[in-house]
Amino acid sequence: MLKITVFALFTLCFFLSSEAQIIEKIEPSYISTIQFKGNTDQSQLPIISLGESIQMTFDALNGEEEDFYYKITHHDFDWSESDLSKGEYLDGFDDVRIEDYQNSLNTLQLFSNYSLRIPNRETRALKKSGNYLISVYDEDGELVFTRRFMIMERRVGIAVEIKRSRDLKYINEKQSVNFTINSADLIIINPKQNLNVLVLQNSNLKTAITDLKPQYTIGNELIYRYDQESAFYAGNEFNFFDSKELRGANNSIRRVELNDLYEHFLFTRRARYDVPYTYNPDINGNFVVRSIRAERQNIEAEYILTHFALQYFEDIEDKEIHIYGSFNDWGIDESTYMQYDEKRDVYTTSRKFKQGFYNYRFVLVDREGNIDEGAIGGNYWETENDYTVLAYYRAPGERYDRIIGQGKGNSTVITNN
């Protein structure tokens, strides 16, 4: 009987997210390097204020110069579609063609680079705060992929503190997020019922904490002083590779070959769960497209077949090892799956990456799709991580969940009390 691998479960056309409401779509193999950002330099989950813009770029590697269309939908805190009509949250219209695209120039891999900025001539403004989903369709009306983003109002202040876990079992492995919501300019009625919070580690929605309620109130402040309930495994600093120089090896690339494409062979990595923590600067799982020989990065940066190798001697039973990062929106699919090479006694995979600087981890994935980020890399309380807290509020009589504030923290400032 054929073995059904975990990644096969993730490459179905549709899947339900952890919130069990929204239907998402993973991009097919011919769509690559989806960069989606708001006011950040790196591609990561866009969280913008009302009136700010977002930009998405992506490459179609089939060289067919296809037409793509986009739709935008508004969603509640649990990612179920909100009761708002299109005209209530969107000024203008969507379901229009992405007009801005260019073909690659002087590259071995032919591709078309598509670019979309919102607001634009057709979609003039998004008028409500909250959760949004952008869905990209092909010319036949088939859904190609989706991405999520958030728009917020700045009605409350959120102060964030990062603590070591107080539980001795996890004191060396977890970081807890404590925060305070100051609502001096907004009266929050029945916050335990009408207020929800979302806590993110490194802008990864797939590991978000969503079920916290204020523990007590002091004046205009709502206090969240949880320990385990708001704790994340700290992980380890991300691995990285830098392919901005196409033809040369460096401290992450062992060897370069030229076949149909340039091929980069990364140095074999070893498991780090049982070695002392070592600080290594990273960009917390994100990526940046860049090429030192290209003037127009989006169309002149080359695609490189990148080869990964991992030494890991523990028995993984029926689990799988994958590479993991923001390069595909923290997805697990066939392109991230690592196969065991008996001859070399390592796990290997190869995947196309556009030239740039990339962070990634090796993770264990079980048959239910649960991801263990620390099994191979380890969990260390000293690890540098970014944390974001969003506050959602639905006042009595309102028909949607507004995002009323954002707070940020980083574990470089961490206390043990």
# chains A, B, ... in the order shown; residues from 1 in each chain; ligands from 1
call {"tool": "residues_around", "arguments": {"residues": "stretch 160-168 of chain A", "least_positions_apart": "4", "cutoff": "10 Å", "atoms": "only C-alpha atoms", "output": "PyMOL selection string"}}
result
chain A and resi 172-181+224-228+230-234+381-382+385-389+406-417
call {"tool": "write_last_selection", "arguments": {"atoms": "N, CA and C atoms", "output": "compact mmCIF listing (two decimals), in the first residue's frame"}}
result
# COMPACT_ATOMS: atom_id res chain seq x y z
N ASN A 172 13.74 27.27 30.41
CA ASN A 172 14.84 27.40 29.46
C ASN A 172 14.39 27.30 28.01
N GLU A 173 13.07 27.12 27.78
CA GLU A 173 12.60 26.84 26.42
C GLU A 173 11.56 27.83 25.91
N LYS A 174 10.83 28.50 26.81
CA LYS A 174 9.70 29.31 26.37
C LYS A 174 9.88 30.78 26.73
N GLN A 175 9.19 31.61 25.95
CA GLN A 175 9.09 33.05 26.21
C GLN A 175 7.61 33.41 26.33
N SER A 176 7.26 34.13 27.39
CA SER A 176 5.88 34.53 27.62
C SER A 176 5.68 35.99 27.23
N VAL A 177 4.52 36.28 26.67
CA VAL A 177 4.19 37.63 26.22
C VAL A 177 3.17 38.23 27.19
N ASN A 178 3.59 39.21 27.96
CA ASN A 178 2.69 39.97 28.84
C ASN A 178 2.40 41.32 28.18
N PHE A 179 1.18 41.81 28.33
CA PHE A 179 0.86 43.09 27.71
C PHE A 179 -0.27 43.78 28.44
N THR A 180 -0.36 45.08 28.20
CA THR A 180 -1.38 45.93 28.81
C THR A 180 -2.03 46.77 27.71
N ILE A 181 -3.35 46.78 27.68
CA ILE A 181 -4.09 47.60 26.72
C ILE A 181 -4.61 48.83 27.44
N TYR A 224 -2.93 41.79 31.01
CA TYR A 224 -2.75 40.39 30.61
C TYR A 224 -1.40 39.94 31.14
N ARG A 225 -1.42 39.14 32.22
CA ARG A 225 -0.19 38.69 32.86
C ARG A 225 -0.15 37.16 32.90
N TYR A 226 -0.46 36.55 31.78
CA TYR A 226 -0.44 35.10 31.71
C TYR A 226 1.01 34.59 31.64
N ASP A 227 1.16 33.31 31.95
CA ASP A 227 2.47 32.68 31.79
C ASP A 227 2.39 31.65 30.66
N GLN A 228 1.93 30.46 30.95
CA GLN A 228 1.88 29.41 29.92
C GLN A 228 0.86 29.71 28.82
N SER A 230 0.15 32.42 27.40
CA SER A 230 0.66 33.36 26.40
C SER A 230 2.11 33.06 26.03
N ALA A 231 2.53 31.82 26.23
CA ALA A 231 3.93 31.45 26.01
C ALA A 231 4.13 30.77 24.66
N PHE A 232 5.25 31.08 24.04
CA PHE A 232 5.68 30.44 22.79
C PHE A 232 6.99 29.70 23.05
N TYR A 233 7.16 28.57 22.40
CA TYR A 233 8.50 27.98 22.37
C TYR A 233 9.43 28.97 21.68
N ALA A 234 10.59 29.19 22.28
CA ALA A 234 11.47 30.26 21.79
C ALA A 234 12.21 29.89 20.52
N TRP A 381 15.68 30.02 25.63
CA TRP A 381 15.00 31.22 26.08
C TRP A 381 15.71 32.50 25.61
N GLU A 382 17.00 32.39 25.28
CA GLU A 382 17.75 33.58 24.86
C GLU A 382 17.45 33.99 23.42
N ASN A 385 13.36 36.98 19.15
CA ASN A 385 12.11 36.85 18.40
C ASN A 385 11.34 38.17 18.46
N ASP A 386 10.59 38.43 17.39
CA ASP A 386 9.67 39.57 17.36
C ASP A 386 8.28 39.10 17.77
N TYR A 387 7.57 39.94 18.55
CA TYR A 387 6.20 39.62 18.96
C TYR A 387 5.30 40.81 18.65
N THR A 388 4.10 40.49 18.21
CA THR A 388 3.09 41.49 17.88
C THR A 388 1.78 41.14 18.55
N VAL A 389 1.12 42.14 19.13
CA VAL A 389 -0.20 41.94 19.76
C VAL A 389 -1.19 42.86 19.05
N GLN A 406 -2.25 48.09 18.09
CA GLN A 406 -1.15 47.15 17.87
C GLN A 406 -0.03 47.45 18.85
N GLY A 407 0.57 46.41 19.41
CA GLY A 407 1.75 46.56 20.25
C GLY A 407 2.84 45.60 19.78
N LYS A 408 4.10 46.00 19.99
CA LYS A 408 5.22 45.17 19.56
C LYS A 408 6.23 45.02 20.67
N GLY A 409 6.91 43.85 20.66
CA GLY A 409 7.97 43.60 21.62
C GLY A 409 9.01 42.70 20.99
N ASN A 410 10.20 42.70 21.58
CA ASN A 410 11.29 41.86 21.09
C ASN A 410 11.99 41.22 22.29
N SER A 411 12.38 39.96 22.13
CA SER A 411 12.93 39.23 23.25
C SER A 411 14.38 39.58 23.56
N THR A 412 14.97 40.53 22.84
CA THR A 412 16.29 41.00 23.28
C THR A 412 16.17 41.74 24.60
N VAL A 413 14.97 42.25 24.89
CA VAL A 413 14.69 42.84 26.20
C VAL A 413 13.77 41.87 26.91
N ILE A 414 14.35 41.01 27.75
CA ILE A 414 13.59 39.94 28.38
C ILE A 414 13.96 39.89 29.85
N THR A 415 12.98 39.65 30.70
CA THR A 415 13.21 39.58 32.14
C THR A 415 12.77 38.22 32.67
N ASN A 416 13.18 37.95 33.89
CA ASN A 416 12.88 36.65 34.49
C ASN A 416 12.04 36.82 35.74
N ASN A 417 11.12 37.82 35.73
CA ASN A 417 10.30 38.02 36.92
C ASN A 417 8.85 38.26 36.51
call {"tool": "residues_around", "arguments": {"residues": "A:Gly130", "least_positions_apart": "5", "cutoff": "6 Å", "atoms": "only C-alpha atoms", "output": "PDB file with C-alpha atoms, in the first residue's frame"}}
result
ATOM      1  CA  MET A 150      -4.767  43.346   8.519  1.00  0.00           C
ATOM      2  CA  ILE A 151      -5.810  46.986   8.666  1.00  0.00           C
ATOM      3  CA  ARG A 402     -12.376  46.271  14.332  1.00  0.00           C
ATOM      4  CA  ILE A 403      -8.650  46.189  15.014  1.00  0.00           C
TER       5      ILE A 403
END
call {"tool": "residues_around", "arguments": {"residues": "stretch 339-356 of chain A", "least_positions_apart": "4", "cutoff": "9 Å", "atoms": "only C-alpha atoms", "output": "VMD selection string"}}
result
chain A and resid 32 to 33 241 to 246 263 268 287 to 291 297 301 to 313 320 to 323 327 335
call {"tool": "residues_around", "arguments": {"residues": "stretch 94-96 of chain A", "least_positions_apart": "5", "cutoff": "8 Å", "atoms": "only C-alpha atoms", "output": "JSON, numbers by chain"}}
result
{"A": [69, 70, 71, 72, 122, 123]}
call {"tool": "write_last_selection", "arguments": {"atoms": "C-alpha atoms", "output": "mmCIF file, in the first residue's frame"}}
result
data_model
loop_
_atom_site.group_PDB
_atom_site.id
_atom_site.type_symbol
_atom_site.label_atom_id
_atom_site.label_comp_id
_atom_site.auth_asym_id
_atom_site.auth_seq_id
_atom_site.Cartn_x
_atom_site.Cartn_y
_atom_site.Cartn_z
ATOM 1 C CA TYR A 69 -7.370 38.811 -11.210
ATOM 2 C CA TYR A 70 -7.816 39.644 -7.532
ATOM 3 C CA LYS A 71 -10.680 39.846 -5.064
ATOM 4 C CA ILE A 72 -10.676 41.241 -1.526
ATOM 5 C CA GLU A 122 -9.947 50.537 -9.342
ATOM 6 C CA THR A 123 -9.632 49.718 -5.623
#
call {"tool": "residues_around", "arguments": {"residues": "stretch 100-116 of chain A", "least_positions_apart": "5", "cutoff": "7 Å", "atoms": "only C-alpha atoms", "output": "list in words"}}
result
Gln55, Met56, Thr57, Phe58, Asp59, Ala60, Leu61, Asn62, Gly63, Glu65, Leu261, Asn298, Ile299, Glu300, Glu302 and Tyr303 of chain A
call {"tool": "write_last_selection", "arguments": {"atoms": "N, CA, C and O atoms", "output": "PDB file, in the first residue's frame"}}
result
ATOM      1  N   GLN A  55       1.562  46.220  -0.953  1.00  0.00           N
ATOM      2  CA  GLN A  55       2.057  45.854  -2.270  1.00  0.00           C
ATOM      3  C   GLN A  55       2.340  44.365  -2.315  1.00  0.00           C
ATOM      4  O   GLN A  55       2.917  43.800  -1.385  1.00  0.00           O
ATOM      5  N   MET A  56       1.926  43.731  -3.411  1.00  0.00           N
ATOM      6  CA  MET A  56       2.189  42.320  -3.638  1.00  0.00           C
ATOM      7  C   MET A  56       2.889  42.156  -4.976  1.00  0.00           C
ATOM      8  O   MET A  56       2.496  42.756  -5.983  1.00  0.00           O
ATOM      9  N   THR A  57       3.951  41.348  -5.000  1.00  0.00           N
ATOM     10  CA  THR A  57       4.564  40.926  -6.247  1.00  0.00           C
ATOM     11  C   THR A  57       4.704  39.417  -6.222  1.00  0.00           C
ATOM     12  O   THR A  57       4.861  38.814  -5.151  1.00  0.00           O
ATOM     13  N   PHE A  58       4.635  38.801  -7.387  1.00  0.00           N
ATOM     14  CA  PHE A  58       4.861  37.356  -7.490  1.00  0.00           C
ATOM     15  C   PHE A  58       5.307  37.020  -8.899  1.00  0.00           C
ATOM     16  O   PHE A  58       5.108  37.803  -9.844  1.00  0.00           O
ATOM     17  N   ASP A  59       5.913  35.853  -9.047  1.00  0.00           N
ATOM     18  CA  ASP A  59       6.410  35.393 -10.336  1.00  0.00           C
ATOM     19  C   ASP A  59       5.624  34.182 -10.811  1.00  0.00           C
ATOM     20  O   ASP A  59       5.313  33.279 -10.013  1.00  0.00           O
ATOM     21  N   ALA A  60       5.302  34.158 -12.092  1.00  0.00           N
ATOM     22  CA  ALA A  60       4.739  32.976 -12.748  1.00  0.00           C
ATOM     23  C   ALA A  60       5.846  32.376 -13.609  1.00  0.00           C
ATOM     24  O   ALA A  60       6.332  33.021 -14.550  1.00  0.00           O
ATOM     25  N   LEU A  61       6.254  31.142 -13.279  1.00  0.00           N
ATOM     26  CA  LEU A  61       7.422  30.541 -13.908  1.00  0.00           C
ATOM     27  C   LEU A  61       7.100  29.788 -15.188  1.00  0.00           C
ATOM     28  O   LEU A  61       8.003  29.215 -15.808  1.00  0.00           O
ATOM     29  N   ASN A  62       5.834  29.763 -15.596  1.00  0.00           N
ATOM     30  CA  ASN A  62       5.477  29.004 -16.786  1.00  0.00           C
ATOM     31  C   ASN A  62       5.677  29.794 -18.081  1.00  0.00           C
ATOM     32  O   ASN A  62       5.525  29.239 -19.177  1.00  0.00           O
ATOM     33  N   GLY A  63       5.994  31.071 -17.984  1.00  0.00           N
ATOM     34  CA  GLY A  63       6.302  31.862 -19.156  1.00  0.00           C
ATOM     35  C   GLY A  63       5.151  32.069 -20.115  1.00  0.00           C
ATOM     36  O   GLY A  63       5.363  32.340 -21.302  1.00  0.00           O
ATOM     37  N   GLU A  65       2.623  34.391 -19.724  1.00  0.00           N
ATOM     38  CA  GLU A  65       2.060  35.741 -19.628  1.00  0.00           C
ATOM     39  C   GLU A  65       0.552  35.706 -19.371  1.00  0.00           C
ATOM     40  O   GLU A  65      -0.245  36.393 -20.012  1.00  0.00           O
ATOM     41  N   LEU A 261      19.921  25.492 -14.845  1.00  0.00           N
ATOM     42  CA  LEU A 261      19.928  26.683 -13.990  1.00  0.00           C
ATOM     43  C   LEU A 261      21.206  26.676 -13.182  1.00  0.00           C
ATOM     44  O   LEU A 261      21.908  25.660 -13.096  1.00  0.00           O
ATOM     45  N   ASN A 298      13.368  42.657  -9.425  1.00  0.00           N
ATOM     46  CA  ASN A 298      12.208  41.797  -9.636  1.00  0.00           C
ATOM     47  C   ASN A 298      12.282  41.008 -10.929  1.00  0.00           C
ATOM     48  O   ASN A 298      11.751  39.893 -11.015  1.00  0.00           O
ATOM     49  N   ILE A 299      12.917  41.558 -11.971  1.00  0.00           N
ATOM     50  CA  ILE A 299      12.938  40.848 -13.254  1.00  0.00           C
ATOM     51  C   ILE A 299      14.330  40.379 -13.668  1.00  0.00           C
ATOM     52  O   ILE A 299      14.463  39.570 -14.588  1.00  0.00           O
ATOM     53  N   GLU A 300      15.395  40.856 -13.001  1.00  0.00           N
ATOM     54  CA  GLU A 300      16.747  40.455 -13.376  1.00  0.00           C
ATOM     55  C   GLU A 300      17.381  39.477 -12.399  1.00  0.00           C
ATOM     56  O   GLU A 300      18.395  38.850 -12.729  1.00  0.00           O
ATOM     57  N   GLU A 302      18.024  36.077 -10.682  1.00  0.00           N
ATOM     58  CA  GLU A 302      17.944  34.734 -11.257  1.00  0.00           C
ATOM     59  C   GLU A 302      17.294  33.755 -10.281  1.00  0.00           C
ATOM     60  O   GLU A 302      17.335  33.955  -9.059  1.00  0.00           O
ATOM     61  N   TYR A 303      16.671  32.716 -10.822  1.00  0.00           N
ATOM     62  CA  TYR A 303      16.210  31.600 -10.004  1.00  0.00           C
ATOM     63  C   TYR A 303      17.315  30.548  -9.903  1.00  0.00           C
ATOM     64  O   TYR A 303      17.941  30.194 -10.913  1.00  0.00           O
TER      65      TYR A 303
END
